[in-house]
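Reproduced below: model30.json, with JSON, C-alpha atoms.
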[["chain", "number", "residue", "atom", "x", "y", "z"],
["A", 1, "MET", "CA", 118.94, -18.06, 59.75],
["A", 2, "GLN", "CA", 119.39, -14.75, 58.06],
["A", 3, "GLY", "CA", 121.43, -14.39, 54.89],
["A", 4, "ASP", "CA", 124.67, -14.19, 56.85],
["A", 5, "TYR", "CA", 127.27, -16.85, 56.33],
["A", 6, "LEU", "CA", 129.06, -18.62, 59.10],
["A", 7, "PRO", "CA", 132.85, -18.99, 58.98],
["A", 8, "SER", "CA", 133.70, -21.93, 56.77],
["A", 9, "GLY", "CA", 137.35, -22.70, 57.22],
["A", 10, "GLY", "CA", 137.89, -21.91, 53.55],
["A", 11, "ARG", "CA", 135.00, -23.95, 52.20],
["A", 12, "SER", "CA", 132.75, -22.54, 49.48],
["A", 13, "GLN", "CA", 129.55, -20.89, 50.67],
["A", 14, "LYS", "CA", 127.95, -19.86, 47.40],
["A", 15, "GLY", "CA", 124.27, -19.73, 46.70],
["A", 16, "GLY", "CA", 122.50, -18.89, 49.93],
["A", 17, "PRO", "CA", 122.28, -18.88, 53.68],
["A", 18, "VAL", "CA", 122.41, -22.67, 54.13],
["A", 19, "ASN", "CA", 126.08, -23.55, 54.15],
["A", 20, "PHE", "CA", 127.87, -26.56, 55.56],
["A", 21, "GLU", "CA", 128.28, -25.12, 59.05],
["A", 22, "ALA", "CA", 124.59, -24.19, 59.32],
["A", 23, "ALA", "CA", 123.51, -27.60, 58.03],
["A", 24, "LEU", "CA", 125.91, -29.37, 60.38],
["A", 25, "ALA", "CA", 124.68, -27.33, 63.35],
["A", 26, "PHE", "CA", 121.14, -28.47, 62.53],
["A", 27, "VAL", "CA", 122.18, -32.12, 62.25],
["A", 28, "LEU", "CA", 124.14, -32.05, 65.50],
["A", 29, "ARG", "CA", 121.13, -30.70, 67.40],
["A", 30, "TRP", "CA", 119.39, -33.97, 66.47],
["A", 31, "GLU", "CA", 122.31, -36.34, 66.84],
["A", 32, "GLY", "CA", 123.18, -35.63, 70.47],
["A", 33, "GLY", "CA", 126.17, -37.10, 72.27],
["A", 34, "TYR", "CA", 127.26, -40.65, 72.92],
["A", 35, "VAL", "CA", 124.60, -43.31, 72.31],
["A", 36, "ASN", "CA", 124.85, -47.09, 72.26],
["A", 37, "ASP", "CA", 121.25, -48.28, 71.95],
["A", 38, "PRO", "CA", 121.13, -52.06, 71.39],
["A", 39, "ASP", "CA", 118.24, -51.61, 68.93],
["A", 40, "ASP", "CA", 120.14, -49.08, 66.80],
["A", 41, "HIS", "CA", 121.73, -50.98, 63.91],
["A", 42, "GLY", "CA", 124.44, -48.30, 63.71],
["A", 43, "GLY", "CA", 125.87, -49.39, 67.05],
["A", 44, "ALA", "CA", 127.77, -46.96, 69.26],
["A", 45, "THR", "CA", 127.69, -43.38, 67.98],
["A", 46, "MET", "CA", 128.97, -40.01, 69.07],
["A", 47, "LYS", "CA", 127.16, -36.99, 67.63],
["A", 48, "GLY", "CA", 125.78, -39.29, 64.94],
["A", 49, "VAL", "CA", 129.14, -40.72, 63.85],
["A", 50, "THR", "CA", 129.23, -44.50, 64.18],
["A", 51, "GLN", "CA", 132.21, -46.37, 65.53],
["A", 52, "ALA", "CA", 132.60, -48.11, 62.14],
["A", 53, "THR", "CA", 132.63, -44.77, 60.29],
["A", 54, "TYR", "CA", 135.13, -43.33, 62.75],
["A", 55, "ASP", "CA", 137.39, -46.37, 62.44],
["A", 56, "ALA", "CA", 137.34, -46.15, 58.62],
["A", 57, "TYR", "CA", 137.98, -42.41, 58.75],
["A", 58, "ARG", "CA", 141.00, -42.79, 61.04],
["A", 59, "LYS", "CA", 142.33, -45.68, 58.97],
["A", 60, "SER", "CA", 142.10, -43.53, 55.82],
["A", 61, "LEU", "CA", 144.38, -41.02, 57.59],
["A", 62, "GLY", "CA", 146.87, -43.71, 58.63],
["A", 63, "LEU", "CA", 145.74, -43.53, 62.27],
["A", 64, "ARG", "CA", 144.83, -46.32, 64.65],
["A", 65, "PRO", "CA", 141.15, -46.77, 65.53],
["A", 66, "THR", "CA", 140.12, -45.34, 68.87],
["A", 67, "PHE", "CA", 136.95, -45.32, 70.93],
["A", 68, "ILE", "CA", 134.17, -43.19, 69.43],
["A", 69, "ARG", "CA", 133.83, -41.21, 72.66],
["A", 70, "ASP", "CA", 137.32, -39.82, 71.98],
["A", 71, "ILE", "CA", 136.36, -38.23, 68.65],
["A", 72, "THR", "CA", 137.31, -34.55, 68.39],
["A", 73, "GLU", "CA", 135.12, -31.71, 67.13],
["A", 74, "ALA", "CA", 137.52, -31.27, 64.22],
["A", 75, "GLU", "CA", 137.14, -34.94, 63.27],
["A", 76, "ILE", "CA", 133.34, -34.69, 63.51],
["A", 77, "ASP", "CA", 133.38, -31.63, 61.24],
["A", 78, "ASP", "CA", 135.69, -33.32, 58.74],
["A", 79, "ILE", "CA", 133.71, -36.58, 58.68],
["A", 80, "TYR", "CA", 130.40, -34.81, 58.05],
["A", 81, "HIS", "CA", 131.98, -32.58, 55.43],
["A", 82, "GLN", "CA", 133.96, -35.22, 53.55],
["A", 83, "LEU", "CA", 131.56, -38.16, 53.84],
["A", 84, "TYR", "CA", 128.17, -36.40, 53.54],
["A", 85, "TRP", "CA", 128.32, -32.75, 52.37],
["A", 86, "VAL", "CA", 130.84, -33.30, 49.56],
["A", 87, "PRO", "CA", 129.12, -36.38, 48.08],
["A", 88, "VAL", "CA", 125.73, -34.59, 47.96],
["A", 89, "ARG", "CA", 127.52, -31.56, 46.47],
["A", 90, "GLY", "CA", 125.99, -29.29, 49.06],
["A", 91, "ASP", "CA", 127.77, -26.21, 47.77],
["A", 92, "ASP", "CA", 126.38, -26.79, 44.26],
["A", 93, "LEU", "CA", 122.73, -27.32, 45.26],
["A", 94, "PRO", "CA", 120.01, -24.69, 45.37],
["A", 95, "ALA", "CA", 119.80, -23.36, 48.93],
["A", 96, "ASP", "CA", 116.40, -24.94, 49.63],
["A", 97, "LEU", "CA", 117.71, -28.45, 48.83],
["A", 98, "ARG", "CA", 120.96, -28.35, 50.80],
["A", 99, "LEU", "CA", 119.66, -29.20, 54.26],
["A", 100, "PRO", "CA", 117.05, -31.78, 53.14],
["A", 101, "LEU", "CA", 119.54, -33.75, 51.05],
["A", 102, "PHE", "CA", 122.41, -33.44, 53.55],
["A", 103, "ASP", "CA", 120.26, -34.50, 56.49],
["A", 104, "PHE", "CA", 118.83, -37.47, 54.59],
["A", 105, "ALA", "CA", 122.38, -38.45, 53.55],
["A", 106, "VAL", "CA", 123.44, -38.39, 57.20],
["A", 107, "ASN", "CA", 120.61, -40.75, 58.18],
["A", 108, "ALA", "CA", 120.39, -43.00, 55.13],
["A", 109, "GLY", "CA", 123.85, -42.68, 53.61],
["A", 110, "PRO", "CA", 124.79, -40.35, 50.76],
["A", 111, "THR", "CA", 124.45, -42.96, 48.02],
["A", 112, "ARG", "CA", 120.90, -43.83, 49.07],
["A", 113, "ALA", "CA", 119.91, -40.16, 49.49],
["A", 114, "ILE", "CA", 121.30, -39.27, 46.06],
["A", 115, "ALA", "CA", 119.60, -42.31, 44.50],
["A", 116, "HIS", "CA", 116.27, -41.14, 45.96],
["A", 117, "LEU", "CA", 116.87, -37.70, 44.48],
["A", 118, "GLN", "CA", 117.74, -39.21, 41.09],
["A", 119, "ARG", "CA", 114.59, -41.35, 41.06],
["A", 120, "ILE", "CA", 112.52, -38.23, 41.77],
["A", 121, "LEU", "CA", 114.28, -36.43, 38.92],
["A", 122, "GLY", "CA", 113.92, -39.35, 36.49],
["A", 123, "VAL", "CA", 117.63, -39.46, 35.69],
["A", 124, "GLU", "CA", 120.00, -42.40, 35.71],
["A", 125, "VAL", "CA", 120.33, -43.72, 39.26],
["A", 126, "ASP", "CA", 123.99, -44.12, 40.11],
["A", 127, "GLY", "CA", 124.09, -42.60, 43.60],
["A", 128, "GLN", "CA", 126.42, -39.79, 42.53],
["A", 129, "ILE", "CA", 125.61, -36.20, 41.66],
["A", 130, "GLY", "CA", 127.19, -35.40, 38.32],
["A", 131, "PRO", "CA", 126.42, -32.89, 35.57],
["A", 132, "HIS", "CA", 123.22, -34.63, 34.42],
["A", 133, "THR", "CA", 121.78, -34.75, 37.93],
["A", 134, "LEU", "CA", 122.77, -31.12, 38.56],
["A", 135, "ALA", "CA", 121.12, -30.03, 35.31],
["A", 136, "ALA", "CA", 117.95, -31.95, 36.22],
["A", 137, "ILE", "CA", 117.94, -30.32, 39.67],
["A", 138, "GLN", "CA", 118.11, -26.87, 38.10],
["A", 139, "ALA", "CA", 115.25, -27.69, 35.70],
["A", 140, "ALA", "CA", 112.99, -29.34, 38.30],
["A", 141, "SER", "CA", 110.05, -27.72, 40.04],
["A", 142, "GLY", "CA", 108.55, -28.81, 43.35],
["A", 143, "LEU", "CA", 111.68, -30.80, 44.10],
["A", 144, "ARG", "CA", 112.06, -29.77, 47.74],
["A", 145, "GLU", "CA", 108.66, -31.15, 48.80],
["A", 146, "LYS", "CA", 109.27, -34.42, 46.95],
["A", 147, "LEU", "CA", 112.70, -34.67, 48.53],
["A", 148, "LEU", "CA", 111.18, -34.13, 51.98],
["A", 149, "THR", "CA", 108.54, -36.82, 51.40],
["A", 150, "ASP", "CA", 111.03, -39.54, 50.49],
["A", 151, "PRO", "CA", 112.68, -39.72, 53.93],
["A", 152, "GLU", "CA", 109.27, -40.15, 55.58],
["A", 153, "ASN", "CA", 108.54, -43.10, 53.28],
["A", 154, "TYR", "CA", 112.03, -44.51, 53.81],
["A", 155, "TYR", "CA", 111.69, -44.45, 57.62],
["A", 156, "ARG", "CA", 108.22, -46.02, 57.50],
["A", 157, "ALA", "CA", 109.60, -48.77, 55.24],
["A", 158, "ILE", "CA", 112.40, -49.46, 57.73],
["A", 159, "VAL", "CA", 109.84, -49.98, 60.48],
["A", 160, "ALA", "CA", 107.62, -52.13, 58.26],
["A", 161, "HIS", "CA", 110.63, -54.34, 57.49],
["A", 162, "ASP", "CA", 112.00, -54.35, 61.05],
["A", 163, "PRO", "CA", 109.47, -53.59, 63.81],
["A", 164, "THR", "CA", 112.28, -53.23, 66.39],
["A", 165, "GLN", "CA", 112.93, -49.84, 64.78],
["A", 166, "GLN", "CA", 109.43, -48.53, 65.66],
["A", 167, "LYS", "CA", 110.80, -46.78, 68.73],
["A", 168, "PHE", "CA", 112.86, -44.50, 66.47],
["A", 169, "LEU", "CA", 110.07, -43.59, 64.03],
["A", 170, "THR", "CA", 108.59, -40.68, 65.99],
["A", 171, "GLY", "CA", 112.03, -39.06, 66.25],
["A", 172, "TRP", "CA", 112.82, -39.65, 62.59],
["A", 173, "LEU", "CA", 109.54, -38.10, 61.49],
["A", 174, "ALA", "CA", 109.99, -35.16, 63.87],
["A", 175, "ARG", "CA", 113.40, -34.58, 62.36],
["A", 176, "VAL", "CA", 111.95, -34.56, 58.84],
["A", 177, "ALA", "CA", 109.36, -32.03, 60.02],
["A", 178, "ALA", "CA", 112.16, -29.90, 61.48],
["A", 179, "VAL", "CA", 114.09, -30.11, 58.21],
["A", 180, "ARG", "CA", 110.92, -29.03, 56.40],
["A", 181, "GLY", "CA", 110.61, -26.05, 58.75],
["A", 182, "GLN", "CA", 114.24, -25.06, 58.25],
["A", 183, "ALA", "CA", 114.00, -25.52, 54.49],
["A", 184, "ASP", "CA", 111.04, -23.13, 54.47],
["A", 185, "HIS", "CA", 113.49, -20.43, 55.62],
["A", 186, "ALA", "CA", 116.23, -21.20, 53.08]]

Go ahead and express the file in the form of structure tokens.
Amino acid sequence: MQGDYLPSGGRSQKGGPVNFEAALAFVLRWEGGYVNDPDDHGGATMKGVTQATYDAYRKSLGLRPTFIRDITEAEIDDIYHQLYWVPVRGDDLPADLRLPLFDFAVNAGPTRAIAHLQRILGVEVDGQIGPHTLAAIQAASGLREKLLTDPENYYRAIVAHDPTQQKFLTGWLARVAAVRGQADHA
């Protein structure tokens, strides 16, 4: 990515070349299309969105649930923006932290990803990025590398706890390596 911004549909793009659209494009390259692997605890997914997440999203809009394969690109964009980018405050983060935190939030959930970040920072762990967490982020050094190490440990712990997940470990670790490579260009 160069320093150019992608169109954002009116969303803020301050602070650097990694905006929501660029981060989402990265995530979607890894998430693929429809998957319903019996060993995946997330169940049926389309472009990384689980059926349960899609059902909750549609319900929040007063819509009936529908099959995950019928999800639209606009719904995918909105789900990733509202349920992952906004909670990690992607627009407020330093550019080199946006993709690592967003991607980890997509895989582990935003509350867990933020809690990992807060533990690294040594601030109160509440799973939400507020003014104290933002101030600690701004004051921290070496945060990106620590943030990139936590997902590796998290995925290894999943496999240690549930060996049926071993088949996903290589892909998870490759994704972390790809995030690291992208973050090097932020």

Using all atoms listed in the file, I'd like a table of the residues in stretch 35-55 of chain A that come within 9 Å of stretch 66-85 of chain A; for each, show the closest atom pair and its distance in Å rounded to one decimal, ordered by chain and ascending number, as CSV.
residue,atom,partner,partner_atom,distance
A:Ala44,CA,A:Ile68,CA,7.4
A:Thr45,CA,A:Ile68,CA,6.6
A:Met46,CA,A:Ile68,CA,6.1
A:Lys47,CA,A:Ile76,CA,7.8
A:Gly48,CA,A:Ile76,CA,9.0
A:Val49,CA,A:Ile76,CA,7.4
A:Thr50,CA,A:Ile68,CA,7.3
A:Gln51,CA,A:Ile68,CA,5.4
A:Ala52,CA,A:Ile68,CA,8.9
A:Thr53,CA,A:Ile79,CA,8.4
A:Tyr54,CA,A:Ile68,CA,6.8
A:Asp55,CA,A:Thr66,CA,7.1

With a distance cut-off of 12 Å and all atoms listed in the file, select the neighbouring residues of A:Gln166, excluding the residue or stretch itself and same-chain residues fewer than 5 positions from it, and output the selection as number ranges by chain.
-> A: 39-40, 155-161, 171-173

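You will find atom CA of A:Ile114 at 25.9 Å from atom CA of A:Leu61.
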
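Across A:Leu148, A:Thr111, A:Gly122, A:Tyr154, the tightest approach to A:Ala178 is made by A:Leu148 when counting only C-alpha atoms.
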
Would you mind listing what lies within 8 Å of A:Gly127 as a ChimeraX atom specification, with all atoms listed in the file counted and same-chain residues fewer than 3 positions away left out?
-> /A:110-115,118

If we count all atoms listed in the file, what is near A:Val88 at a cut-off of 8 Å, once residues fewer than 5 positions away on the same chain are taken out, given as a list in words?
-> Leu101, Phe102, Ala105, Pro110, Ile114, Gln128 and Ile129 of chain A

note - atom CA of A:Arg175 and atom CA of A:Gln138 are separated by 25.9 Å

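Interatomic distance, atom CA of A:Glu152 to atom CA of A:Ala177: 9.3 Å.
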
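Residue nearest A:Val179 within the list A:Ser141, A:Thr149, A:Gln165, A:Thr133: A:Thr149 [criterion: smallest interatomic distance, all atoms listed in the file].
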
Could you check which of A:Lys167, A:Ala140, A:Val106, A:Asn153 is closest to A:Phe26, using all atoms listed in the file?
-> A:Val106

Near A:Arg98, counting all atoms listed in the file, which residues have an atom at most 9 Å away, once you skip same-chain residues fewer than 2 positions from it, shown as a list in words?
-> Val18, Asn19, Phe20, Ala23, Trp85, Val88, Arg89, Gly90, Asp91, Asp92, Leu93, Pro94, Ala95, Asp96, Pro100, Leu101, Phe102, Asp103, Ala183 and Ala186 of chain A
